[in-house]
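Okay, structure-v6.cif now, which holds mmCIF, C-alpha atoms:
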```cif
data_start
#
loop_
_atom_site.label_atom_id
_atom_site.label_comp_id
_atom_site.auth_asym_id
_atom_site.auth_seq_id
_atom_site.Cartn_x
_atom_site.Cartn_y
_atom_site.Cartn_z
CA MET A 132 0.92 -46.20 40.62
CA LYS A 133 2.29 -47.83 37.48
CA SER A 134 -1.22 -48.14 35.97
CA LEU A 135 -1.87 -44.46 36.65
CA PHE A 136 1.36 -43.52 34.90
CA LEU A 137 0.43 -45.71 31.94
CA LEU A 138 -2.98 -44.07 31.79
CA VAL A 139 -1.40 -40.60 31.67
CA VAL A 140 0.98 -41.68 28.88
CA VAL A 141 -1.88 -43.11 26.84
CA PHE A 142 -3.96 -39.96 27.42
CA VAL A 143 -1.13 -37.72 26.24
CA ALA A 144 -0.52 -39.93 23.19
CA VAL A 145 -4.19 -39.81 22.25
CA ARG A 146 -4.33 -36.02 22.68
CA SER A 147 -1.32 -35.47 20.42
CA ASP A 148 -2.89 -37.78 17.82
CA ASN A 149 -5.82 -35.39 17.55
CA ASP A 150 -3.46 -32.72 16.29
CA ASP A 151 -3.76 -33.67 12.58
CA HIS A 152 -1.29 -32.75 9.99
CA ALA A 153 -3.48 -30.02 8.53
CA ALA A 154 -3.27 -26.36 7.65
CA ARG A 155 -5.21 -23.76 9.56
CA LEU A 156 -5.46 -20.21 8.28
CA LEU A 157 -6.20 -17.10 10.29
CA ALA A 158 -7.13 -14.10 8.21
CA SER A 159 -7.63 -10.47 9.05
CA LYS A 160 -9.00 -7.58 7.06
CA SER A 161 -8.26 -4.03 8.14
CA ILE A 162 -8.82 -0.54 6.80
CA LEU A 163 -5.64 1.51 6.99
CA ASN A 164 -7.29 4.92 6.62
CA GLN A 165 -7.39 7.56 9.32
CA PHE A 166 -10.26 9.18 7.44
CA ILE A 167 -12.39 7.60 4.76
CA VAL A 168 -13.21 10.38 2.32
CA GLU A 169 -15.44 10.28 -0.74
CA GLY A 170 -13.29 10.42 -3.86
CA LYS A 171 -10.04 9.72 -2.01
CA GLU A 172 -8.24 6.40 -1.69
CA LEU A 173 -9.41 3.73 0.72
CA THR A 174 -6.66 1.25 1.64
CA VAL A 175 -7.77 -2.26 2.62
CA GLU A 176 -5.17 -4.75 3.85
CA TYR A 177 -5.70 -8.48 4.27
CA SER A 178 -3.29 -10.70 6.23
CA ILE A 179 -3.33 -14.48 6.14
CA TYR A 180 -1.34 -16.52 8.63
CA ASN A 181 -0.95 -20.30 8.51
CA VAL A 182 -0.95 -21.59 12.08
CA GLY A 183 -1.51 -25.22 11.16
CA SER A 184 1.04 -27.97 10.80
CA SER A 185 0.82 -28.44 7.05
CA GLN A 186 0.93 -26.36 3.91
CA ALA A 187 -2.36 -24.90 2.75
CA TYR A 188 -3.17 -25.52 -0.89
CA ASN A 189 -5.11 -23.44 -3.38
CA VAL A 190 -5.80 -20.57 -1.00
CA GLU A 191 -8.44 -18.27 -2.41
CA LEU A 192 -9.35 -14.88 -0.96
CA SER A 193 -12.50 -13.29 -2.30
CA ASP A 194 -14.14 -10.11 -1.07
CA SER A 195 -17.59 -9.24 -2.34
CA SER A 196 -18.38 -6.50 0.17
CA PHE A 197 -17.41 -3.61 -2.12
CA PRO A 198 -20.11 -3.22 -4.78
CA GLU A 199 -18.97 -1.64 -8.05
CA GLU A 200 -21.43 1.24 -7.85
CA ASP A 201 -20.19 2.36 -4.43
CA PHE A 202 -16.47 1.66 -4.66
CA GLN A 203 -14.22 2.21 -7.64
CA ARG A 204 -11.21 -0.09 -7.88
CA VAL A 205 -7.95 1.87 -8.05
CA SER A 206 -5.36 -0.86 -7.61
CA GLY A 207 -5.25 -4.49 -6.53
CA SER A 208 -7.72 -7.28 -7.04
CA LEU A 209 -10.53 -8.42 -4.73
CA ASN A 210 -10.29 -12.08 -5.82
CA VAL A 211 -6.85 -13.60 -5.53
CA LYS A 212 -5.25 -17.01 -5.17
CA TRP A 213 -2.12 -18.34 -3.60
CA ASP A 214 -0.95 -21.71 -4.84
CA ARG A 215 0.55 -22.77 -1.50
CA LEU A 216 1.03 -21.24 1.91
CA ALA A 217 3.84 -22.78 3.90
CA VAL A 218 3.59 -23.53 7.61
CA GLY A 219 4.03 -20.33 9.56
CA ALA A 220 3.75 -18.20 6.42
CA ASN A 221 2.38 -14.71 6.87
CA VAL A 222 1.23 -13.08 3.66
CA SER A 223 -0.50 -9.80 3.08
CA HIS A 224 -2.57 -8.45 0.26
CA ALA A 225 -3.67 -4.87 -0.32
CA VAL A 226 -6.48 -3.40 -2.38
CA ILE A 227 -6.99 0.32 -3.04
CA LEU A 228 -10.54 1.51 -3.63
CA LYS A 229 -12.21 4.88 -4.00
CA PRO A 230 -15.59 5.41 -2.28
CA LEU A 231 -18.02 7.10 -4.66
CA ARG A 232 -20.63 8.18 -2.13
CA PRO A 233 -20.52 9.60 1.39
CA GLY A 234 -22.49 7.99 4.19
CA TYR A 235 -22.19 4.99 6.45
CA ALA A 236 -20.62 1.81 5.13
CA ASN A 237 -20.51 -1.57 6.84
CA PHE A 238 -17.24 -3.32 6.09
CA THR A 239 -17.96 -7.03 6.36
CA ALA A 240 -15.67 -10.04 6.27
CA ALA A 241 -14.06 -11.50 3.17
CA GLN A 242 -14.04 -15.19 2.45
CA VAL A 243 -10.97 -17.44 2.48
CA LYS A 244 -11.17 -20.92 0.91
CA TYR A 245 -8.38 -23.45 1.06
CA TYR A 246 -7.51 -27.14 1.13
CA PRO A 247 -5.95 -28.10 4.47
CA THR A 248 -3.91 -30.98 3.08
CA GLU A 249 -2.74 -32.07 -0.34
CA GLU A 250 -5.14 -35.02 -0.48
CA SER A 251 -8.23 -33.36 0.98
CA GLN A 252 -11.20 -33.16 -1.35
CA ALA A 253 -13.36 -30.90 0.81
CA VAL A 254 -12.54 -27.22 0.67
CA GLN A 255 -12.29 -25.41 3.99
CA VAL A 256 -14.13 -22.11 4.10
CA GLY A 257 -13.17 -19.41 6.55
CA TYR A 258 -13.74 -15.70 6.97
CA THR A 259 -11.50 -12.75 7.72
CA THR A 260 -12.17 -10.34 10.56
CA ALA A 261 -14.59 -7.56 9.70
CA PRO A 262 -13.55 -3.93 10.26
CA GLY A 263 -17.15 -3.01 11.06
CA GLU A 264 -19.16 0.11 10.34
CA ALA A 265 -17.44 3.36 9.43
CA GLY A 266 -18.51 6.68 8.01
CA ILE A 267 -17.38 7.93 4.64
CA VAL A 268 -16.88 11.68 4.94
CA GLY A 269 -18.05 13.87 2.09
CA LEU A 270 -15.28 15.58 0.13
CA LYS A 271 -16.55 19.11 0.88
CA ASP A 272 -16.58 18.51 4.65
CA TYR A 273 -13.11 17.02 4.57
CA GLU A 274 -11.70 19.92 2.54
CA ARG A 275 -13.38 22.48 4.81
CA ARG A 276 -11.46 21.02 7.74
CA PHE A 277 -8.16 19.99 6.18
CA SER A 278 -7.37 21.80 2.96
CA PRO A 279 -4.86 24.73 3.09
CA HIS A 280 -7.52 27.26 1.90
CA ILE A 281 -4.96 29.19 -0.16
CA VAL A 282 -7.59 30.77 -2.39
CA ASP A 283 -9.61 31.83 0.65
CA TRP A 284 -6.62 33.55 2.25
CA ALA A 285 -5.69 35.29 -1.01
CA THR A 286 -9.27 36.59 -1.32
CA PHE A 287 -9.09 37.82 2.28
CA ALA A 288 -5.80 39.65 1.57
CA ILE A 289 -7.33 41.37 -1.47
CA MET A 290 -10.38 42.34 0.60
CA THR A 291 -8.25 43.95 3.31
CA LEU A 292 -6.31 45.95 0.72
CA PRO A 293 -8.80 48.89 0.56
CA SER A 294 -8.97 49.47 4.30
CA ILE A 295 -5.18 49.42 4.62
CA GLY A 296 -4.25 50.77 1.20
CA PHE A 297 -6.51 53.85 1.20
CA PRO A 298 -5.10 55.59 4.30
CA PHE A 299 -1.60 54.61 3.20
CA LEU A 300 -2.20 56.21 -0.19
CA LEU A 301 -3.42 59.45 1.44
CA TRP A 302 -0.38 59.61 3.70
CA TYR A 303 1.98 58.87 0.84
CA ARG A 304 0.47 61.62 -1.31
CA SER A 305 0.76 64.20 1.45
CA LYS A 306 4.28 63.01 2.27
CA SER A 307 5.47 63.36 -1.31
CA LYS A 308 3.88 66.86 -1.53
CA TYR A 309 5.69 67.85 1.68
CA ASP A 310 9.01 66.53 0.38
CA VAL A 311 8.71 68.53 -2.84
CA LYS A 312 7.98 71.68 -0.83
CA HIS A 313 11.06 71.01 1.34
CA LYS A 314 13.26 70.68 -1.75
CA LYS A 315 11.91 73.94 -3.13
CA ASN A 316 12.92 75.60 0.11
CA MET B 167 21.81 -54.18 -29.39
CA ALA B 168 24.13 -51.71 -27.72
CA THR B 169 23.43 -48.95 -30.29
CA SER B 170 19.66 -49.38 -29.96
CA THR B 171 19.86 -48.98 -26.17
CA LYS B 172 22.10 -45.96 -26.75
CA ILE B 173 19.52 -44.47 -29.11
CA LEU B 174 16.77 -45.19 -26.61
CA ALA B 175 18.76 -43.53 -23.84
CA LEU B 176 19.38 -40.47 -26.01
CA ALA B 177 15.71 -40.28 -26.92
CA VAL B 178 14.69 -40.42 -23.27
CA LEU B 179 17.22 -37.72 -22.41
CA ALA B 180 15.89 -35.53 -25.19
CA VAL B 181 12.30 -35.91 -24.07
CA LEU B 182 13.02 -35.56 -20.33
CA PRO B 183 13.07 -31.72 -20.17
CA LEU B 184 9.63 -31.65 -21.73
CA LEU B 185 8.31 -34.15 -19.22
CA MET B 186 9.70 -32.26 -16.20
CA ASN B 187 7.10 -29.88 -14.88
CA ALA B 188 9.51 -27.00 -14.38
CA SER B 189 7.21 -24.08 -15.11
CA THR B 190 9.54 -21.41 -16.35
CA CYS B 191 8.74 -18.48 -18.53
CA ILE B 192 10.79 -17.90 -21.63
CA GLY B 193 10.79 -14.39 -23.01
CA PRO B 194 8.25 -12.76 -20.69
CA GLN B 195 6.31 -9.75 -21.91
CA VAL B 196 5.36 -7.77 -18.82
CA THR B 197 2.94 -4.92 -18.37
CA SER B 198 2.97 -3.52 -14.86
CA ASN B 199 0.74 -1.20 -12.92
CA VAL B 200 2.12 0.29 -9.74
CA TYR B 201 0.42 2.14 -6.88
CA THR B 202 2.07 3.75 -3.86
CA THR B 203 0.40 5.63 -1.01
CA SER B 204 0.38 9.35 -1.70
CA GLU B 205 -1.26 10.86 1.38
CA ALA B 206 -0.51 9.86 4.94
CA SER B 207 -4.03 10.63 6.15
CA MET B 208 -5.43 8.05 3.73
CA SER B 209 -3.34 5.22 5.18
CA ILE B 210 -1.50 4.73 8.47
CA SER B 211 1.28 2.86 6.67
CA THR B 212 2.72 3.28 3.20
CA VAL B 213 1.38 0.59 0.89
CA PHE B 214 2.91 -0.48 -2.41
CA VAL B 215 0.83 -2.50 -4.87
CA VAL B 216 2.45 -3.95 -7.99
CA GLU B 217 0.16 -5.61 -10.53
CA VAL B 218 1.77 -7.41 -13.46
CA ALA B 219 0.36 -9.14 -16.51
CA VAL B 220 2.84 -11.68 -17.88
CA LYS B 221 2.78 -13.33 -21.28
CA CYS B 222 5.31 -16.06 -21.91
CA ASN B 223 6.72 -16.92 -25.32
CA ASN B 224 6.51 -20.62 -24.45
CA GLY B 225 2.84 -20.26 -23.61
CA GLU B 226 3.39 -21.20 -19.95
CA LYS B 227 0.09 -21.04 -18.11
CA ASP B 228 0.90 -22.48 -14.70
CA LEU B 229 3.52 -19.95 -13.78
CA LEU B 230 4.21 -19.41 -10.08
CA LEU B 231 5.89 -16.14 -9.24
CA PHE B 232 7.74 -15.01 -6.17
CA ALA B 233 8.89 -11.47 -5.58
CA ASP B 234 11.85 -10.12 -3.67
CA VAL B 235 10.41 -7.24 -1.70
CA ASN B 236 13.00 -5.28 0.29
CA GLY B 237 15.04 -8.42 0.91
CA HIS B 238 11.98 -10.49 1.84
CA MET B 239 10.63 -13.19 -0.50
CA VAL B 240 6.86 -13.23 -0.87
CA PRO B 241 4.66 -15.35 -3.17
CA ALA B 242 2.76 -13.34 -5.76
CA THR B 243 -1.01 -13.75 -5.76
CA GLN B 244 -2.79 -14.73 -8.95
CA SER B 245 -5.81 -12.72 -9.97
CA GLY B 246 -6.44 -14.28 -13.37
CA THR B 247 -4.40 -16.12 -16.00
CA GLY B 248 -1.06 -14.41 -16.29
CA LYS B 249 -2.07 -11.66 -13.85
CA PHE B 250 -0.17 -11.38 -10.59
CA GLN B 251 -0.11 -8.97 -7.72
CA VAL B 252 2.45 -8.26 -5.04
CA SER B 253 1.70 -5.86 -2.23
CA TRP B 254 3.61 -4.84 0.87
CA SER B 255 3.33 -2.14 3.50
CA ASP B 256 5.49 -0.56 6.16
CA GLU B 257 5.71 2.61 8.23
CA HIS B 258 5.93 5.88 6.30
CA LYS B 259 9.44 6.53 7.63
CA LYS B 260 10.73 3.14 6.46
CA LEU B 261 9.58 3.62 2.87
CA PRO B 262 10.91 7.02 1.80
CA ALA B 263 10.68 8.46 -1.69
CA GLY B 264 12.80 6.75 -4.32
CA THR B 265 12.84 3.88 -6.79
CA TYR B 266 12.43 0.36 -5.47
CA GLY B 267 13.39 -2.55 -7.71
CA VAL B 268 11.14 -5.57 -7.28
CA ARG B 269 12.65 -8.76 -8.71
CA PHE B 270 10.32 -11.54 -9.77
CA PHE B 271 11.43 -15.17 -9.75
CA ASP B 272 9.87 -18.45 -10.81
CA GLU B 273 10.05 -21.52 -8.56
CA GLU B 274 13.59 -22.37 -9.64
CA GLY B 275 14.81 -18.85 -8.95
CA TYR B 276 13.00 -18.80 -5.63
CA ASN B 277 14.66 -22.01 -4.48
CA ALA B 278 18.03 -20.69 -5.65
CA VAL B 279 17.60 -17.48 -3.67
CA ARG B 280 16.52 -19.39 -0.57
CA LYS B 281 19.57 -21.62 -0.85
CA GLU B 282 21.85 -18.61 -1.16
CA LYS B 283 20.22 -16.90 1.79
CA ARG B 284 20.65 -20.01 3.91
CA SER B 285 24.34 -20.06 3.07
CA GLY B 286 24.71 -16.47 4.22
CA THR B 287 24.66 -14.37 1.02
CA ASP B 288 21.80 -12.05 0.15
CA GLY B 289 20.72 -13.87 -3.00
CA SER B 290 21.39 -10.92 -5.28
CA THR B 291 23.34 -13.00 -7.79
CA VAL B 292 20.31 -15.00 -8.93
CA THR B 293 18.88 -13.54 -12.13
CA PRO B 294 15.16 -12.78 -11.91
CA ILE B 295 12.68 -13.47 -14.69
CA PHE B 296 11.96 -9.75 -14.77
CA THR B 297 12.21 -6.69 -12.55
CA VAL B 298 9.65 -3.98 -11.96
CA ASN B 299 10.80 -0.54 -10.81
CA VAL B 300 8.48 1.11 -8.37
CA LYS B 301 8.81 4.87 -8.22
CA HIS B 302 7.55 6.26 -4.94
CA SER B 303 7.26 10.02 -4.75
CA GLY B 304 6.94 10.01 -0.98
CA THR B 305 3.90 10.07 1.28
CA TRP B 306 2.59 13.57 1.82
CA THR B 307 2.16 14.25 5.51
CA GLY B 308 0.89 17.81 5.23
CA PRO B 309 2.32 21.18 4.18
CA TYR B 310 5.56 22.38 5.81
CA VAL B 311 3.91 25.53 7.03
CA GLN B 312 0.20 26.04 7.62
CA THR B 313 -1.38 28.81 5.57
CA GLU B 314 -2.93 30.27 8.72
CA PHE B 315 0.56 30.67 10.14
CA VAL B 316 1.73 32.44 6.97
CA ALA B 317 -1.31 34.74 7.05
CA THR B 318 -0.66 35.61 10.70
CA CYS B 319 3.01 36.39 9.95
CA VAL B 320 2.09 38.67 7.05
CA ALA B 321 -0.49 40.50 9.18
CA LEU B 322 2.04 41.00 11.98
CA LEU B 323 4.62 42.25 9.47
CA VAL B 324 2.21 44.82 8.02
CA TRP B 325 1.27 45.99 11.52
CA TYR B 326 4.93 46.27 12.51
CA MET B 327 5.81 48.36 9.45
CA ALA B 328 2.89 50.70 10.13
CA TYR B 329 3.83 50.99 13.82
CA ARG B 330 7.43 51.79 13.00
CA SER B 331 6.60 54.49 10.48
CA LYS B 332 4.03 55.97 12.90
CA SER B 333 6.54 56.17 15.76
CA PHE B 334 9.07 57.67 13.35
CA LEU B 335 6.58 60.33 12.34
CA MET B 336 5.62 61.06 15.94
CA SER B 337 9.21 61.43 17.11
#
```
Could you write out this file's structure as structure tokens?
Amino acid sequence: MKSLFLLVVVFVAVRSDNDDHAARLLASKSILNQFIVEGKELTVEYSIYNVGSSQAYNVELSDSSFPEEDFQRVSGSLNVKWDRLAVGANVSHAVILKPLRPGYANFTAAQVKYYPTEESQAVQVGYTTAPGEAGIVGLKDYERRFSPHIVDWATFAIMTLPSIGFPFLLWYRSKSKYDVKHKKN
Amino acid sequence: MATSTKILALAVLAVLPLLMNASTCIGPQVTSNVYTTSEASMSISTVFVVEVAVKCNNGEKDLLLFADVNGHMVPATQSGTGKFQVSWSDEHKKLPAGTYGVRFFDEEGYNAVRKEKRSGTDGSTVTPIFTVNVKHSGTWTGPYVQTEFVATCVALLVWYMAYRSKSFLMS
């Protein structure tokens, strides 16, 4: 019985020894848009969470999945560094881009590089989650569905003016003639 | 003997601040670029992005910045020498239109704010290296009234006026 107990204690001690004092980063990448429209802003948010038991050093986030000819950078940088990420730290980073062409786009993962401990020489490479494939709607299609169409309604109002205005004009002319006659009487 | 040790002590004291790696910025020249979400359909939460380029008079290159964002201290990311970015997001309702002051601190300031927060105060007495004012004009969630609704109302109004004058004539 005693030997069994000792065995369990040793097993538990060994298991907890495997839990090194090292940082472990989980990273996510998400697109915050309801609609991705050509020529309108595309909001990309990255979140990095340190679930390890040590600070992460020299954390570098780099995203090369937005080529310059397809996405124009509006705000934010696609290659950023954090000097240190404390244990349990949850940081977020946002980049605003503008898609230049409609069509299907595959949003792939960004890369996260960091040093798990202060003394480690080997850099740890990880990847964020990938939002996947999404369609970039053309601007004309989006406006057809969502814009207020003020000019279209104004044109419609002007076009209905003849069919309403003409009979009204006739009535008004006859009414004013009748009124004059009444006054004369 | 005593005076020489005194001189040595003074010399060491004079040199000490230079040896300490306290990366502070003296006389920062800041250029900032701010973005806030303008349309709600382009983002499910309002996102603020503040990009700053800092040049220090003392030529400090290893500056570490922390920003106080809505009472929450976040480290600023570095996207090049002297270029930093701070971004945060929240629900549209929680970030209404207005001016938000983002205070930037170096490591010393950051530790001072943390100490103050631990002792209960909100850390607003610590002076930041610089502050950036973010003007948010609100996130547009659509027009108050749809144009189709306005057009329908106008059409009904015209019809009603015609109907009234017709019944007046007929009576």
* Using only C-alpha atoms, which residues sit within 9 Å of stretch 238-246 of chain A once same-chain residues fewer than 3 positions away are excluded, as number ranges by chain? -> A: 153-154, 156, 158-160, 162, 177, 179, 186-197, 249-265
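Every residue that the PyMOL selection byres ((chain A) within 8 of (chain B)) selects in this file is listed here: Leu163, Asn164, Gln165, Phe166, Ile167, Lys171, Glu172, Leu173, Thr174, Ser206, Gly207, Ser208, Asn210, Val211, Lys212, Trp213, Asp214, Val222, Ser223, His224, Ala225, Val226, Pro279, His280, Ile281 and Trp284 of chain A.
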Selection file, C-alpha atoms, as a PDB file, in the frame of the given file:
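Contents of out36.pdb, freshly written:
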```
ATOM      1  CA  LEU A 163      -5.640   1.510   6.990  1.00  0.00           C
ATOM      2  CA  ASN A 164      -7.290   4.920   6.620  1.00  0.00           C
ATOM      3  CA  GLN A 165      -7.390   7.560   9.320  1.00  0.00           C
ATOM      4  CA  PHE A 166     -10.260   9.180   7.440  1.00  0.00           C
ATOM      5  CA  ILE A 167     -12.390   7.600   4.760  1.00  0.00           C
ATOM      6  CA  LYS A 171     -10.040   9.720  -2.010  1.00  0.00           C
ATOM      7  CA  GLU A 172      -8.240   6.400  -1.690  1.00  0.00           C
ATOM      8  CA  LEU A 173      -9.410   3.730   0.720  1.00  0.00           C
ATOM      9  CA  THR A 174      -6.660   1.250   1.640  1.00  0.00           C
ATOM     10  CA  SER A 206      -5.360  -0.860  -7.610  1.00  0.00           C
ATOM     11  CA  GLY A 207      -5.250  -4.490  -6.530  1.00  0.00           C
ATOM     12  CA  SER A 208      -7.720  -7.280  -7.040  1.00  0.00           C
ATOM     13  CA  ASN A 210     -10.290 -12.080  -5.820  1.00  0.00           C
ATOM     14  CA  VAL A 211      -6.850 -13.600  -5.530  1.00  0.00           C
ATOM     15  CA  LYS A 212      -5.250 -17.010  -5.170  1.00  0.00           C
ATOM     16  CA  TRP A 213      -2.120 -18.340  -3.600  1.00  0.00           C
ATOM     17  CA  ASP A 214      -0.950 -21.710  -4.840  1.00  0.00           C
ATOM     18  CA  VAL A 222       1.230 -13.080   3.660  1.00  0.00           C
ATOM     19  CA  SER A 223      -0.500  -9.800   3.080  1.00  0.00           C
ATOM     20  CA  HIS A 224      -2.570  -8.450   0.260  1.00  0.00           C
ATOM     21  CA  ALA A 225      -3.670  -4.870  -0.320  1.00  0.00           C
ATOM     22  CA  VAL A 226      -6.480  -3.400  -2.380  1.00  0.00           C
ATOM     23  CA  PRO A 279      -4.860  24.730   3.090  1.00  0.00           C
ATOM     24  CA  HIS A 280      -7.520  27.260   1.900  1.00  0.00           C
ATOM     25  CA  ILE A 281      -4.960  29.190  -0.160  1.00  0.00           C
ATOM     26  CA  TRP A 284      -6.620  33.550   2.250  1.00  0.00           C
TER      27      TRP A 284
END
```
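Against this structure, the PyMOL selection byres ((chain A and resi 232) around 10) ends up with Val168, Glu169, Gly170, Glu200, Asp201, Phe202, Lys229, Pro230, Leu231, Pro233, Gly234, Tyr235, Ala236, Ile267, Val268, Gly269 and Leu270 of chain A.
Residues surrounding stretch 332-337 of chain B within 12 Å are A:Phe299, A:Trp302, A:Lys306, B:Trp325, B:Tyr326, B:Met327, B:Ala328, B:Tyr329 [only C-alpha atoms; sequence separation below 3 positions excluded].
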* Counting only C-alpha atoms, note down every residue that has an atom within 8 Å of the point (15.7, -19.9, -11.9) (file coordinates), as a ChimeraX atom specification. => /B:190,271-278,292-295
Prev. selection, C-alpha atoms, output as a PDB file, in the frame of the given file:
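The resulting result34.pdb:
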```pdb
ATOM      1  CA  THR B 190       9.540 -21.410 -16.350  1.00  0.00           C
ATOM      2  CA  PHE B 271      11.430 -15.170  -9.750  1.00  0.00           C
ATOM      3  CA  ASP B 272       9.870 -18.450 -10.810  1.00  0.00           C
ATOM      4  CA  GLU B 273      10.050 -21.520  -8.560  1.00  0.00           C
ATOM      5  CA  GLU B 274      13.590 -22.370  -9.640  1.00  0.00           C
ATOM      6  CA  GLY B 275      14.810 -18.850  -8.950  1.00  0.00           C
ATOM      7  CA  TYR B 276      13.000 -18.800  -5.630  1.00  0.00           C
ATOM      8  CA  ASN B 277      14.660 -22.010  -4.480  1.00  0.00           C
ATOM      9  CA  ALA B 278      18.030 -20.690  -5.650  1.00  0.00           C
ATOM     10  CA  VAL B 292      20.310 -15.000  -8.930  1.00  0.00           C
ATOM     11  CA  THR B 293      18.880 -13.540 -12.130  1.00  0.00           C
ATOM     12  CA  PRO B 294      15.160 -12.780 -11.910  1.00  0.00           C
ATOM     13  CA  ILE B 295      12.680 -13.470 -14.690  1.00  0.00           C
TER      14      ILE B 295
END
```
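Candidate residues B:Val298, B:Cys191, B:Val268, B:Ile173 were compared for distance to B:Glu226, and the nearest is B:Cys191, using all atoms listed in the file.
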Evaluate the PyMOL selection byres ((chain B and resi 234) around 8) on the structure here and hand back the selected residues as a compact mmCIF listing (two decimals) with C-alpha atoms, in the coordinates of the input.
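Result went into part34.txt, see below:
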```txt
# COMPACT_ATOMS: atom_id res chain seq x y z
CA PHE B 232 7.74 -15.01 -6.17
CA ALA B 233 8.89 -11.47 -5.58
CA VAL B 235 10.41 -7.24 -1.70
CA ASN B 236 13.00 -5.28 0.29
CA GLY B 237 15.04 -8.42 0.91
CA HIS B 238 11.98 -10.49 1.84
CA MET B 239 10.63 -13.19 -0.50
CA VAL B 240 6.86 -13.23 -0.87
CA VAL B 268 11.14 -5.57 -7.28
CA ARG B 269 12.65 -8.76 -8.71
CA PHE B 270 10.32 -11.54 -9.77
CA PHE B 271 11.43 -15.17 -9.75
```
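Across the model, the gap from atom CA of B:Pro194 to atom CA of B:Asn223 is 6.4 Å.
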